[in-house]
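Here the structure is laid out as structure tokens; the discussion comes afterwards.
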Amino acid sequence: MLRDDLPAGRGSLQAYVEASDDDEAVTLSTVNAIPVDHTPIFALRTEDGRDLVLSHSVDESLRTIAFFDLLANNADRKAGHVITGSVLPSTASADIGIFGIDNGLTFHHEEKLRTVLWGFSRTSFCAEEIDALQEVAAMEEPLRAQLSDCLSAAELQALKYRANRLLAAEFFPEAPADRTVIPWPPI
């Protein structure tokens with residue numbers, strides 16, 4: 001959240017999310033224990049020889065985070081950066097959701113998308129996502145003015161380019177084969 005009323009001036013704050021006891025949106029499990037509503041992303045072998053799979057749900061809330069990551073060129077969406085819980089002070093079950101925790105490795109002008117949320121690849125964009133892409137691709141003055149407070153001219157141009165490229169593709173892209181696409185460490 002961007003705030004203008006902070007003691008040191010303008011800046012951003014993140015809400016504190018209290019983790020719930022609900023199933024996690026991103027999990028690391030054995031091959032035969034992948035949750036039914038999850039899609040596997042990658043497998044790994046531990047030092048003691050156990051085979052594990054990182055998977056994530058295909059929940060709409062997680063899709064929203066994955067879409068943001070595409071557009072923002074998030075370079076660090078690890079499994080631990082996705083929390084199922086509620087924003088304090090509420091702990092009501094009705095307020096439990098999936099939240100993405102971000103650390104600022106976004107909006108770079110070079111392609112750097114690294115995420116564990118590749119399970120939406122080859123899925124067509126929905127109407128709301130297309131609307132958002134069209135708004136960013138048009139980059140009309142009110143949006144440009146708002147974003148230019150936080151992003152450089154090169155980052156704005158790259159954001160507009162990504163929106164246009166995603167609009168032309170019409171779907172979540174597959175992970176590129178020519179670079180690292182999973183952050184390290186992935187958890």
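Going by the structure tokens order, chains are called A, B, ..., each with residues numbered from 1, while ligands are numbered from 1 in the order shown.
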
Distance query A:Ser121 at most 12 Å, only C-alpha atoms, self and fewer than 3 positions along chain excluded, as a ChimeraX atom specification: /A:39-41,58,63,66-67,70,115-118,124-125,169-176

Residue neighbourhood stretch 130-144 of chain A, 12 Å, only C-alpha atoms, exclusion window fewer than 5 positions, as a VMD selection string: chain A and resid 64 67 to 68 70 to 72 124 to 125 149 to 153 155 to 172

Atomic distance atom CA of A:Gly49 - atom CA of A:Trp184, expressed in Å with one decimal: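 We find that atom CA of A:Gly49 and atom CA of A:Trp184 lie 20.0 Å from each other.
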
Residue nearest A:Asp69 among A:Ser55, A:Thr106, A:Thr46, A:Thr91 (counting only C-alpha atoms): A:Thr106

Atom-to-atom span, atom CA of A:His56 and atom CA of A:Gly100, Å: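 Distance between the two atoms: 13.2 Å.
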
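With distances restricted to only C-alpha atoms, A:Ser57 is the closest residue to A:Pro35 from A:Ser57, A:Arg10, A:Asp22, A:Pro186.
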
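Note that atom CA of A:Ile83 and atom CA of A:Ile98 are 5.7 Å apart.
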
Backbone DSSP call of strand (DSSP E) for chain A, listed as an NGL selection string: :A and (2-3 or 11-12 or 17-19 or 26-30 or 38-45 or 51-57 or 82-87 or 97-100)

Print the selection's residues with N, CA and C atoms to a file, as a short mmCIF file (atom, residue, chain, number, x, y, z; two decimals), in the first residue's frame.
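Saved the output as selection.cif:
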data_model
loop_
_atom_site.label_atom_id
_atom_site.label_comp_id
_atom_site.auth_asym_id
_atom_site.auth_seq_id
_atom_site.Cartn_x
_atom_site.Cartn_y
_atom_site.Cartn_z
N LEU A 2 0.65 2.13 -0.90
CA LEU A 2 1.38 3.39 -0.98
C LEU A 2 0.78 4.35 0.02
N ARG A 3 1.62 4.96 0.85
CA ARG A 3 1.13 5.87 1.90
C ARG A 3 1.86 7.20 1.80
N GLY A 11 5.92 6.44 1.11
CA GLY A 11 6.52 5.12 1.06
C GLY A 11 5.45 4.06 0.99
N SER A 12 5.86 2.81 1.08
CA SER A 12 4.90 1.72 1.00
C SER A 12 4.99 0.85 2.24
N VAL A 17 -0.01 -10.56 7.36
CA VAL A 17 -0.94 -11.64 7.10
C VAL A 17 -0.66 -12.76 8.10
N GLU A 18 -1.67 -13.11 8.88
CA GLU A 18 -1.57 -14.21 9.83
C GLU A 18 -1.90 -15.50 9.07
N ALA A 19 -0.98 -16.42 9.03
CA ALA A 19 -1.20 -17.69 8.33
C ALA A 19 -2.32 -18.46 9.01
N VAL A 26 0.50 -23.29 -2.22
CA VAL A 26 1.70 -23.86 -2.83
C VAL A 26 2.26 -24.87 -1.83
N THR A 27 2.49 -26.09 -2.29
CA THR A 27 2.93 -27.14 -1.37
C THR A 27 4.12 -27.91 -1.92
N LEU A 28 4.84 -28.49 -0.99
CA LEU A 28 5.92 -29.42 -1.31
C LEU A 28 5.52 -30.74 -0.69
N SER A 29 5.37 -31.76 -1.52
CA SER A 29 4.88 -33.05 -1.03
C SER A 29 5.55 -34.19 -1.78
N THR A 30 5.28 -35.40 -1.31
CA THR A 30 5.75 -36.56 -2.06
C THR A 30 4.90 -36.69 -3.32
N HIS A 38 -4.29 -29.38 -7.07
CA HIS A 38 -2.99 -28.76 -7.38
C HIS A 38 -2.45 -29.29 -8.70
N THR A 39 -1.61 -28.47 -9.31
CA THR A 39 -0.90 -28.87 -10.52
C THR A 39 0.60 -28.91 -10.21
N PRO A 40 1.28 -29.98 -10.58
CA PRO A 40 2.72 -30.06 -10.29
C PRO A 40 3.52 -29.08 -11.14
N ILE A 41 4.55 -28.49 -10.54
CA ILE A 41 5.39 -27.53 -11.24
C ILE A 41 6.77 -28.12 -11.51
N PHE A 42 7.41 -28.67 -10.48
CA PHE A 42 8.69 -29.32 -10.70
C PHE A 42 8.95 -30.34 -9.59
N ALA A 43 9.83 -31.27 -9.89
CA ALA A 43 10.21 -32.31 -8.93
C ALA A 43 11.65 -32.08 -8.50
N LEU A 44 11.96 -32.60 -7.32
CA LEU A 44 13.32 -32.49 -6.83
C LEU A 44 13.64 -33.71 -5.96
N ARG A 45 14.90 -33.97 -5.79
CA ARG A 45 15.34 -35.06 -4.92
C ARG A 45 16.15 -34.44 -3.78
N ASP A 51 12.06 -38.13 -3.12
CA ASP A 51 11.54 -37.41 -4.28
C ASP A 51 10.34 -36.59 -3.85
N LEU A 52 10.39 -35.28 -4.12
CA LEU A 52 9.32 -34.36 -3.74
C LEU A 52 8.87 -33.57 -4.96
N VAL A 53 7.65 -33.05 -4.88
CA VAL A 53 7.07 -32.26 -5.97
C VAL A 53 6.54 -30.95 -5.40
N LEU A 54 6.90 -29.85 -6.03
CA LEU A 54 6.30 -28.57 -5.68
C LEU A 54 5.09 -28.40 -6.60
N SER A 55 3.94 -28.12 -6.01
CA SER A 55 2.71 -27.95 -6.79
C SER A 55 1.96 -26.75 -6.25
N HIS A 56 1.01 -26.26 -7.03
CA HIS A 56 0.16 -25.17 -6.53
C HIS A 56 -1.27 -25.38 -6.97
N SER A 57 -2.17 -24.75 -6.21
CA SER A 57 -3.60 -24.85 -6.54
C SER A 57 -3.88 -24.03 -7.79
N VAL A 82 3.78 -16.93 -0.91
CA VAL A 82 2.33 -17.08 -1.07
C VAL A 82 1.80 -17.60 0.26
N ILE A 83 0.94 -16.82 0.90
CA ILE A 83 0.45 -17.18 2.23
C ILE A 83 -1.07 -17.28 2.20
N THR A 84 -1.59 -18.37 2.76
CA THR A 84 -3.02 -18.52 2.98
C THR A 84 -3.28 -18.04 4.40
N GLY A 85 -4.11 -17.02 4.54
CA GLY A 85 -4.38 -16.47 5.86
C GLY A 85 -5.28 -15.27 5.78
N SER A 86 -5.21 -14.42 6.80
CA SER A 86 -6.04 -13.22 6.84
C SER A 86 -5.20 -12.05 7.31
N VAL A 87 -5.61 -10.86 6.88
CA VAL A 87 -4.92 -9.64 7.28
C VAL A 87 -5.38 -9.28 8.69
N GLY A 97 -7.81 -15.70 2.81
CA GLY A 97 -7.57 -15.68 1.38
C GLY A 97 -6.12 -16.04 1.08
N ILE A 98 -5.75 -15.92 -0.17
CA ILE A 98 -4.38 -16.18 -0.60
C ILE A 98 -3.74 -14.84 -0.88
N PHE A 99 -2.57 -14.61 -0.28
CA PHE A 99 -1.88 -13.34 -0.40
C PHE A 99 -0.48 -13.56 -0.95
N GLY A 100 -0.07 -12.68 -1.85
CA GLY A 100 1.28 -12.69 -2.37
C GLY A 100 2.13 -11.70 -1.61
#

Test item, alpha helix (DSSP H) assignment across stretch 49-123 of chain A, answer as a list of chain:residue names: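 So, restricting stretch 49-123 of chain A to alpha helix (DSSP H), we get A:Glu60, A:Ser61, A:Leu62, A:Arg63, A:Thr64, A:Ile65, A:Ala66, A:Phe67, A:Phe68, A:Asp69, A:Leu70, A:Leu71, A:Ala72.
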
Close residues, stretch 177-182 of chain A itself excluded, 9 Å, only C-alpha atoms, min 5 positions apart in chain, as a list in words: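 Using only C-alpha atoms, the neighbours found are Ala75, Asp76, Arg77, Lys78, Lys112, Leu113, Arg114, Thr115, Val116 and Leu117 of chain A.
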